[in-house]
Amino acid sequence: MLVRRGPELFLFDCGEGTQRQFLQARAGINRKMRIFISHLHGDHVFGLPGMLHSLSFMGRSNELEIVGPRGIVEFVTSVNRVVKLYNRFPIRIREVKPGQSIDDVEYTFRVAGARHGIPCLAYAFEEKPRSGRFDAAKARRLGVPEGPLWKVLQSGGSVRVGRRRILSKLVVGPARRGVKLTYAVDTRPCPQVIKLASRSDLLIHDSCFAESAAAKAQEYGHSTAAEAATVAKRSKSRVLALVHISAMYEDASPLLAEAKKVFRQTILPRDMQTISVDA
Ligand SMILES: [Zn+2]
Ligand SMILES: [Zn+2]
């Protein structure tokens with residue numbers, strides 16, 4: 001799962017074949033990039049050495065950050081020790097725990113514990129609220145000339161025009177909420193994920209099995225499509241994307257139908273499909 005936000009990339013998990021798909025997606029090899037690993041099962045990390053190798057080989061020079069559960073440092077460093085990776089760019093690896101968050105200028109990543117057979121992390125990406133829309137026409141009508149005074153109003157200050165004081169709120173709308181996106185794979189439906197996913201614009205959730213295999217989902221620490229839909233509903237998310245569908249389903253449309261009975265705004269993305277998300 002690759003998220004592109006302006007010039008930045010966030011990759012969620014790195015199973016086998018990721019490097020090939022990544023190059024095919026032409027996502028850009030030298031962008032600011034973070035890779036988030038949910039847990040140390042092969043289908044989520046076996047693509048990582050290949051990905052690092054490819055990026056280096058293709059000429060990446062910028063630092064890359066890898067975020068994951070305890071053990072991710074050992075995984076990357078031991079592969080690097082045994083197989084000398086062709087590394088031309090710095091790699092920063094950060095081990096995180098449920099409850100932690102990673103703060104950046106315009107957004108925050110929150111971490112929660114998923115419910116799987118081994119320690120597994122779910123991540124939520126949350127943009128910080130953006131300042132309200134500036135009504136330029138109104139500012140002109142109120143006699144505020146374009147220039148430094150507009151900047152003052154935009155940053156929440158008030159200005160004086162003649163004998164009149166103009167408050168920011170007269171020309172700047174309410175703060176706009178940012179995009180929220182939650183990634184929860186692999187997991188049983190659980191309260192920690194519901195809380196993490198609260199009011200997501202897009203919830204990407206484990207949907208390994210159909211209802212007829214509900215016992216299997218429970219046994220292997222995965223969710224059925226309908227269970228994923230329940231998480232979407234209870235977290236008041238806007239759209240649910242069903243992922244991590246078991247290979248035993250050649251046709252996953254019955255899973256989509258089962259989820260839609262619980263949560264109508266459900267989608268079943270194809271490989272290489274692009275989805276736009278806004279707040
Ligand atoms: Zn797993
Ligand atoms: Zn998995």
# chains A, B, ... in the order shown; residues from 1 in each chain; ligands from 1
$ residues_around --residues "A:Gln21" --least-positions-apart "6" --cutoff "12 Å" --atoms "only C-alpha atoms" --output "ChimeraX atom specification"
/A:1-2,11,14-15,27,47,50-51,54,271-273
$ residues_near_ligand --ligand "ligand 2" --cutoff "10 Å" --atoms "only C-alpha atoms and all ligand atoms" --output "number ranges by chain"
A: 13, 15, 38-45, 116, 185-187, 206, 208, 220-222, 243-246
$ closest_atom_pairs --of "stretch 16-44 of chain A" --to "stretch 79-100 of chain A" --cutoff "10 Å" --atoms "only C-alpha atoms" --output "Markdown table"
| residue | atom | partner | partner_atom | distance |
| --- | --- | --- | --- | --- |
| A:Asn30 | CA | A:Phe89 | CA | 9.7 |
| A:Arg34 | CA | A:Arg92 | CA | 9.4 |
| A:Ile35 | CA | A:Ile93 | CA | 9.4 |
| A:Phe36 | CA | A:Arg94 | CA | 9.6 |
| A:Ile37 | CA | A:Glu95 | CA | 9.7 |
$ residues_around --residues "A:Gln154" --least-positions-apart "4" --cutoff "12 Å" --atoms "only C-alpha atoms" --output "PDB file with all heavy atoms, in the first residue's frame"
ATOM      1  N   ARG A 130      -5.958  22.409   8.788  1.00  0.00           N
ATOM      2  CA  ARG A 130      -5.401  23.511   7.999  1.00  0.00           C
ATOM      3  C   ARG A 130      -6.157  24.784   8.324  1.00  0.00           C
ATOM      4  O   ARG A 130      -7.340  24.732   8.680  1.00  0.00           O
ATOM      5  CB  ARG A 130      -5.531  23.191   6.505  1.00  0.00           C
ATOM      6  CG  ARG A 130      -4.461  22.211   6.054  1.00  0.00           C
ATOM      7  CD  ARG A 130      -4.750  21.708   4.676  1.00  0.00           C
ATOM      8  NE  ARG A 130      -5.858  20.750   4.704  1.00  0.00           N
ATOM      9  CZ  ARG A 130      -6.256  20.078   3.638  1.00  0.00           C
ATOM     10  NH1 ARG A 130      -5.681  20.298   2.477  1.00  0.00           N
ATOM     11  NH2 ARG A 130      -7.240  19.209   3.718  1.00  0.00           N
ATOM     12  N   SER A 131      -5.494  25.933   8.179  1.00  0.00           N
ATOM     13  CA  SER A 131      -6.175  27.190   8.515  1.00  0.00           C
ATOM     14  C   SER A 131      -7.343  27.399   7.551  1.00  0.00           C
ATOM     15  O   SER A 131      -7.364  26.859   6.448  1.00  0.00           O
ATOM     16  CB  SER A 131      -5.187  28.351   8.447  1.00  0.00           C
ATOM     17  OG  SER A 131      -4.523  28.326   7.217  1.00  0.00           O
ATOM     18  N   GLY A 132      -8.295  28.167   7.990  1.00  0.00           N
ATOM     19  CA  GLY A 132      -9.511  28.382   7.208  1.00  0.00           C
ATOM     20  C   GLY A 132      -9.253  29.128   5.905  1.00  0.00           C
ATOM     21  O   GLY A 132      -8.191  29.716   5.705  1.00  0.00           O
ATOM     22  N   ARG A 133     -10.253  29.097   5.028  1.00  0.00           N
ATOM     23  CA  ARG A 133     -10.125  29.762   3.737  1.00  0.00           C
ATOM     24  C   ARG A 133     -10.161  31.287   3.911  1.00  0.00           C
ATOM     25  O   ARG A 133     -10.964  31.810   4.669  1.00  0.00           O
ATOM     26  CB  ARG A 133     -11.281  29.335   2.839  1.00  0.00           C
ATOM     27  CG  ARG A 133     -10.833  28.654   1.567  1.00  0.00           C
ATOM     28  CD  ARG A 133     -12.054  28.198   0.794  1.00  0.00           C
ATOM     29  NE  ARG A 133     -12.445  26.838   1.156  1.00  0.00           N
ATOM     30  CZ  ARG A 133     -11.840  25.753   0.686  1.00  0.00           C
ATOM     31  NH1 ARG A 133     -10.811  25.850  -0.130  1.00  0.00           N
ATOM     32  NH2 ARG A 133     -12.253  24.549   1.033  1.00  0.00           N
ATOM     33  N   PHE A 134      -9.276  31.957   3.190  1.00  0.00           N
ATOM     34  CA  PHE A 134      -9.198  33.415   3.260  1.00  0.00           C
ATOM     35  C   PHE A 134     -10.111  34.006   2.189  1.00  0.00           C
ATOM     36  O   PHE A 134     -10.015  33.677   1.010  1.00  0.00           O
ATOM     37  CB  PHE A 134      -7.745  33.852   3.046  1.00  0.00           C
ATOM     38  CG  PHE A 134      -7.550  35.341   3.106  1.00  0.00           C
ATOM     39  CD1 PHE A 134      -7.682  36.026   4.300  1.00  0.00           C
ATOM     40  CD2 PHE A 134      -7.232  36.061   1.957  1.00  0.00           C
ATOM     41  CE1 PHE A 134      -7.511  37.403   4.358  1.00  0.00           C
ATOM     42  CE2 PHE A 134      -7.050  37.437   2.016  1.00  0.00           C
ATOM     43  CZ  PHE A 134      -7.189  38.110   3.212  1.00  0.00           C
ATOM     44  N   ASP A 135     -11.014  34.871   2.605  1.00  0.00           N
ATOM     45  CA  ASP A 135     -11.958  35.486   1.672  1.00  0.00           C
ATOM     46  C   ASP A 135     -11.379  36.809   1.162  1.00  0.00           C
ATOM     47  O   ASP A 135     -11.596  37.883   1.741  1.00  0.00           O
ATOM     48  CB  ASP A 135     -13.291  35.716   2.404  1.00  0.00           C
ATOM     49  CG  ASP A 135     -14.403  36.133   1.460  1.00  0.00           C
ATOM     50  OD1 ASP A 135     -14.089  36.603   0.341  1.00  0.00           O
ATOM     51  OD2 ASP A 135     -15.585  35.989   1.838  1.00  0.00           O
ATOM     52  N   ALA A 136     -10.644  36.721   0.031  1.00  0.00           N
ATOM     53  CA  ALA A 136      -9.928  37.888  -0.495  1.00  0.00           C
ATOM     54  C   ALA A 136     -10.894  39.002  -0.899  1.00  0.00           C
ATOM     55  O   ALA A 136     -10.647  40.186  -0.637  1.00  0.00           O
ATOM     56  CB  ALA A 136      -9.068  37.462  -1.686  1.00  0.00           C
ATOM     57  N   ALA A 139     -12.028  40.844   2.097  1.00  0.00           N
ATOM     58  CA  ALA A 139     -10.950  41.683   2.627  1.00  0.00           C
ATOM     59  C   ALA A 139     -10.869  42.997   1.844  1.00  0.00           C
ATOM     60  O   ALA A 139     -10.745  44.075   2.427  1.00  0.00           O
ATOM     61  CB  ALA A 139      -9.623  40.926   2.557  1.00  0.00           C
ATOM     62  N   GLU A 146      -4.258  44.451  -0.512  1.00  0.00           N
ATOM     63  CA  GLU A 146      -3.473  43.226  -0.630  1.00  0.00           C
ATOM     64  C   GLU A 146      -2.039  43.521  -0.208  1.00  0.00           C
ATOM     65  O   GLU A 146      -1.523  44.596  -0.476  1.00  0.00           O
ATOM     66  CB  GLU A 146      -3.520  42.732  -2.085  1.00  0.00           C
ATOM     67  CG  GLU A 146      -2.941  41.351  -2.228  1.00  0.00           C
ATOM     68  CD  GLU A 146      -3.169  40.758  -3.618  1.00  0.00           C
ATOM     69  OE1 GLU A 146      -3.971  41.304  -4.395  1.00  0.00           O
ATOM     70  OE2 GLU A 146      -2.518  39.738  -3.898  1.00  0.00           O
ATOM     71  N   GLY A 147      -1.408  42.558   0.492  1.00  0.00           N
ATOM     72  CA  GLY A 147      -0.023  42.766   0.933  1.00  0.00           C
ATOM     73  C   GLY A 147       0.164  42.256   2.347  1.00  0.00           C
ATOM     74  O   GLY A 147      -0.499  41.316   2.762  1.00  0.00           O
ATOM     75  N   PRO A 148       1.056  42.909   3.087  1.00  0.00           N
ATOM     76  CA  PRO A 148       1.382  42.402   4.430  1.00  0.00           C
ATOM     77  C   PRO A 148       0.184  42.307   5.375  1.00  0.00           C
ATOM     78  O   PRO A 148       0.136  41.413   6.220  1.00  0.00           O
ATOM     79  CB  PRO A 148       2.400  43.421   4.964  1.00  0.00           C
ATOM     80  CG  PRO A 148       2.582  44.468   3.932  1.00  0.00           C
ATOM     81  CD  PRO A 148       1.877  44.056   2.687  1.00  0.00           C
ATOM     82  N   LEU A 149      -0.808  43.197   5.221  1.00  0.00           N
ATOM     83  CA  LEU A 149      -1.970  43.146   6.117  1.00  0.00           C
ATOM     84  C   LEU A 149      -2.757  41.844   5.928  1.00  0.00           C
ATOM     85  O   LEU A 149      -3.331  41.311   6.880  1.00  0.00           O
ATOM     86  CB  LEU A 149      -2.879  44.361   5.889  1.00  0.00           C
ATOM     87  CG  LEU A 149      -2.297  45.726   6.297  1.00  0.00           C
ATOM     88  CD1 LEU A 149      -3.334  46.829   6.094  1.00  0.00           C
ATOM     89  CD2 LEU A 149      -1.838  45.714   7.761  1.00  0.00           C
ATOM     90  N   TRP A 150      -2.788  41.342   4.693  1.00  0.00           N
ATOM     91  CA  TRP A 150      -3.493  40.073   4.428  1.00  0.00           C
ATOM     92  C   TRP A 150      -2.821  38.938   5.200  1.00  0.00           C
ATOM     93  O   TRP A 150      -3.484  38.082   5.759  1.00  0.00           O
ATOM     94  CB  TRP A 150      -3.479  39.749   2.918  1.00  0.00           C
ATOM     95  CG  TRP A 150      -4.502  40.529   2.150  1.00  0.00           C
ATOM     96  CD1 TRP A 150      -5.046  41.722   2.512  1.00  0.00           C
ATOM     97  CD2 TRP A 150      -5.101  40.164   0.910  1.00  0.00           C
ATOM     98  NE1 TRP A 150      -5.938  42.145   1.575  1.00  0.00           N
ATOM     99  CE2 TRP A 150      -5.998  41.216   0.570  1.00  0.00           C
ATOM    100  CE3 TRP A 150      -4.960  39.084   0.037  1.00  0.00           C
ATOM    101  CZ2 TRP A 150      -6.754  41.180  -0.601  1.00  0.00           C
ATOM    102  CZ3 TRP A 150      -5.712  39.060  -1.128  1.00  0.00           C
ATOM    103  CH2 TRP A 150      -6.605  40.095  -1.443  1.00  0.00           C
ATOM    104  N   SER A 158      -5.346  40.753  13.932  1.00  0.00           N
ATOM    105  CA  SER A 158      -6.288  41.772  13.458  1.00  0.00           C
ATOM    106  C   SER A 158      -5.488  42.958  12.909  1.00  0.00           C
ATOM    107  O   SER A 158      -4.333  43.147  13.278  1.00  0.00           O
ATOM    108  CB  SER A 158      -7.202  42.214  14.598  1.00  0.00           C
ATOM    109  OG  SER A 158      -6.423  42.704  15.665  1.00  0.00           O
ATOM    110  N   VAL A 159      -6.120  43.721  12.015  1.00  0.00           N
ATOM    111  CA  VAL A 159      -5.413  44.878  11.436  1.00  0.00           C
ATOM    112  C   VAL A 159      -6.283  46.133  11.577  1.00  0.00           C
ATOM    113  O   VAL A 159      -7.483  46.047  11.819  1.00  0.00           O
ATOM    114  CB  VAL A 159      -5.082  44.642   9.937  1.00  0.00           C
ATOM    115  CG1 VAL A 159      -4.179  43.435   9.765  1.00  0.00           C
ATOM    116  CG2 VAL A 159      -6.346  44.486   9.104  1.00  0.00           C
ATOM    117  N   ILE A 166     -10.117  45.428  11.932  1.00  0.00           N
ATOM    118  CA  ILE A 166     -10.668  44.264  11.216  1.00  0.00           C
ATOM    119  C   ILE A 166     -10.135  42.993  11.873  1.00  0.00           C
ATOM    120  O   ILE A 166      -8.920  42.783  11.932  1.00  0.00           O
ATOM    121  CB  ILE A 166     -10.246  44.278   9.728  1.00  0.00           C
ATOM    122  CG1 ILE A 166     -10.434  45.666   9.103  1.00  0.00           C
ATOM    123  CG2 ILE A 166     -10.957  43.159   8.956  1.00  0.00           C
ATOM    124  CD1 ILE A 166     -11.763  45.962   8.535  1.00  0.00           C
ATOM    125  N   LEU A 167     -11.046  42.147  12.346  1.00  0.00           N
ATOM    126  CA  LEU A 167     -10.635  40.891  12.982  1.00  0.00           C
ATOM    127  C   LEU A 167     -10.436  39.795  11.939  1.00  0.00           C
ATOM    128  O   LEU A 167     -11.144  39.748  10.932  1.00  0.00           O
ATOM    129  CB  LEU A 167     -11.693  40.433  13.992  1.00  0.00           C
ATOM    130  CG  LEU A 167     -11.986  41.408  15.135  1.00  0.00           C
ATOM    131  CD1 LEU A 167     -13.168  40.916  15.957  1.00  0.00           C
ATOM    132  CD2 LEU A 167     -10.747  41.591  16.014  1.00  0.00           C
ATOM    133  N   SER A 168      -9.513  38.926  12.239  1.00  0.00           N
ATOM    134  CA  SER A 168      -9.204  37.809  11.343  1.00  0.00           C
ATOM    135  C   SER A 168     -10.446  36.991  10.995  1.00  0.00           C
ATOM    136  O   SER A 168     -10.666  36.607   9.844  1.00  0.00           O
ATOM    137  CB  SER A 168      -8.148  36.916  12.004  1.00  0.00           C
ATOM    138  OG  SER A 168      -7.954  35.754  11.253  1.00  0.00           O
ATOM    139  N   LYS A 169     -11.269  36.733  12.001  1.00  0.00           N
ATOM    140  CA  LYS A 169     -12.415  35.838  11.774  1.00  0.00           C
ATOM    141  C   LYS A 169     -13.438  36.408  10.783  1.00  0.00           C
ATOM    142  O   LYS A 169     -14.289  35.685  10.285  1.00  0.00           O
ATOM    143  CB  LYS A 169     -13.077  35.464  13.104  1.00  0.00           C
ATOM    144  CG  LYS A 169     -13.722  36.616  13.821  1.00  0.00           C
ATOM    145  CD  LYS A 169     -14.410  36.112  15.087  1.00  0.00           C
ATOM    146  CE  LYS A 169     -15.122  37.260  15.769  1.00  0.00           C
ATOM    147  NZ  LYS A 169     -15.558  36.943  17.120  1.00  0.00           N
ATOM    148  N   LEU A 170     -13.333  37.724  10.505  1.00  0.00           N
ATOM    149  CA  LEU A 170     -14.243  38.320   9.517  1.00  0.00           C
ATOM    150  C   LEU A 170     -13.917  37.845   8.100  1.00  0.00           C
ATOM    151  O   LEU A 170     -14.786  37.796   7.236  1.00  0.00           O
ATOM    152  CB  LEU A 170     -14.139  39.849   9.565  1.00  0.00           C
ATOM    153  CG  LEU A 170     -14.879  40.548  10.699  1.00  0.00           C
ATOM    154  CD1 LEU A 170     -14.563  42.035  10.668  1.00  0.00           C
ATOM    155  CD2 LEU A 170     -16.385  40.304  10.596  1.00  0.00           C
ATOM    156  N   VAL A 171     -12.636  37.508   7.863  1.00  0.00           N
ATOM    157  CA  VAL A 171     -12.221  37.174   6.501  1.00  0.00           C
ATOM    158  C   VAL A 171     -11.617  35.765   6.377  1.00  0.00           C
ATOM    159  O   VAL A 171     -11.332  35.315   5.274  1.00  0.00           O
ATOM    160  CB  VAL A 171     -11.192  38.203   5.955  1.00  0.00           C
ATOM    161  CG1 VAL A 171     -11.869  39.524   5.633  1.00  0.00           C
ATOM    162  CG2 VAL A 171     -10.061  38.406   6.945  1.00  0.00           C
ATOM    163  N   VAL A 172     -11.431  35.104   7.520  1.00  0.00           N
ATOM    164  CA  VAL A 172     -10.865  33.746   7.467  1.00  0.00           C
ATOM    165  C   VAL A 172     -11.904  32.765   8.019  1.00  0.00           C
ATOM    166  O   VAL A 172     -12.425  32.949   9.119  1.00  0.00           O
ATOM    167  CB  VAL A 172      -9.556  33.641   8.292  1.00  0.00           C
ATOM    168  CG1 VAL A 172      -9.019  32.213   8.276  1.00  0.00           C
ATOM    169  CG2 VAL A 172      -8.513  34.608   7.749  1.00  0.00           C
ATOM    170  N   GLY A 173     -12.203  31.728   7.227  1.00  0.00           N
ATOM    171  CA  GLY A 173     -13.204  30.736   7.617  1.00  0.00           C
ATOM    172  C   GLY A 173     -12.694  29.845   8.736  1.00  0.00           C
ATOM    173  O   GLY A 173     -11.544  29.976   9.169  1.00  0.00           O
ATOM    174  N   PRO A 174     -13.531  28.920   9.191  1.00  0.00           N
ATOM    175  CA  PRO A 174     -13.095  28.010  10.258  1.00  0.00           C
ATOM    176  C   PRO A 174     -11.988  27.063   9.769  1.00  0.00           C
ATOM    177  O   PRO A 174     -11.907  26.784   8.573  1.00  0.00           O
ATOM    178  CB  PRO A 174     -14.365  27.210  10.582  1.00  0.00           C
ATOM    179  CG  PRO A 174     -15.251  27.363   9.393  1.00  0.00           C
ATOM    180  CD  PRO A 174     -14.897  28.665   8.748  1.00  0.00           C
ATOM    181  N   ALA A 175     -11.163  26.586  10.714  1.00  0.00           N
ATOM    182  CA  ALA A 175     -10.076  25.668  10.362  1.00  0.00           C
ATOM    183  C   ALA A 175     -10.656  24.439   9.670  1.00  0.00           C
ATOM    184  O   ALA A 175     -11.738  23.966  10.015  1.00  0.00           O
ATOM    185  CB  ALA A 175      -9.324  25.252  11.622  1.00  0.00           C
TER     186      ALA A 175
END
$ residues_around --residues "A:Asp201" --least-positions-apart "3" --cutoff "8 Å" --atoms "only C-alpha atoms" --output "number ranges by chain"
A: 179-181, 237-239, 277-279
$ write_last_selection --atoms "N, CA, C and O atoms" --output "mmCIF file, in the first residue's frame"
data_model
loop_
_atom_site.group_PDB
_atom_site.id
_atom_site.type_symbol
_atom_site.label_atom_id
_atom_site.label_comp_id
_atom_site.auth_asym_id
_atom_site.auth_seq_id
_atom_site.Cartn_x
_atom_site.Cartn_y
_atom_site.Cartn_z
ATOM 1 N N VAL A 179 -6.877 15.195 6.223
ATOM 2 C CA VAL A 179 -7.209 13.819 5.842
ATOM 3 C C VAL A 179 -6.770 12.858 6.943
ATOM 4 O O VAL A 179 -5.732 13.050 7.573
ATOM 5 N N LYS A 180 -7.580 11.833 7.170
ATOM 6 C CA LYS A 180 -7.172 10.774 8.080
ATOM 7 C C LYS A 180 -7.295 9.419 7.384
ATOM 8 O O LYS A 180 -8.304 9.127 6.755
ATOM 9 N N LEU A 181 -6.263 8.644 7.542
ATOM 10 C CA LEU A 181 -6.205 7.350 6.871
ATOM 11 C C LEU A 181 -5.681 6.315 7.864
ATOM 12 O O LEU A 181 -4.698 6.566 8.554
ATOM 13 N N SER A 237 -15.888 5.605 10.153
ATOM 14 C CA SER A 237 -15.031 5.920 9.011
ATOM 15 C C SER A 237 -15.896 6.218 7.799
ATOM 16 O O SER A 237 -17.067 5.852 7.765
ATOM 17 N N ARG A 238 -15.302 6.887 6.811
ATOM 18 C CA ARG A 238 -16.096 7.249 5.630
ATOM 19 C C ARG A 238 -16.098 6.156 4.574
ATOM 20 O O ARG A 238 -17.123 5.855 3.981
ATOM 21 N N VAL A 239 -14.903 5.612 4.295
ATOM 22 C CA VAL A 239 -14.782 4.578 3.274
ATOM 23 C C VAL A 239 -13.922 3.449 3.819
ATOM 24 O O VAL A 239 -12.922 3.690 4.498
ATOM 25 N N VAL A 277 -7.936 10.426 -1.836
ATOM 26 C CA VAL A 277 -8.578 10.615 -0.535
ATOM 27 C C VAL A 277 -8.538 12.090 -0.184
ATOM 28 O O VAL A 277 -7.476 12.718 -0.239
ATOM 29 N N ASP A 278 -9.702 12.648 0.153
ATOM 30 C CA ASP A 278 -9.686 14.002 0.694
ATOM 31 C C ASP A 278 -10.552 14.054 1.939
ATOM 32 O O ASP A 278 -11.253 13.099 2.251
ATOM 33 N N ALA A 279 -10.468 15.178 2.629
ATOM 34 C CA ALA A 279 -11.205 15.263 3.909
ATOM 35 C C ALA A 279 -12.647 15.614 3.628
ATOM 36 O O ALA A 279 -13.226 16.447 4.191
#
$ residues_around --residues "A:Pro189" --least-positions-apart "5" --cutoff "10 Å" --atoms "only C-alpha atoms" --output "PyMOL selection string"
chain A and resi 114-116+184+194+205-207+218+221-224+226-232
$ select_by_dssp --residues "stretch 101-219 of chain A" --states "alpha helix (DSSP H)" --output "count of residues only"
29
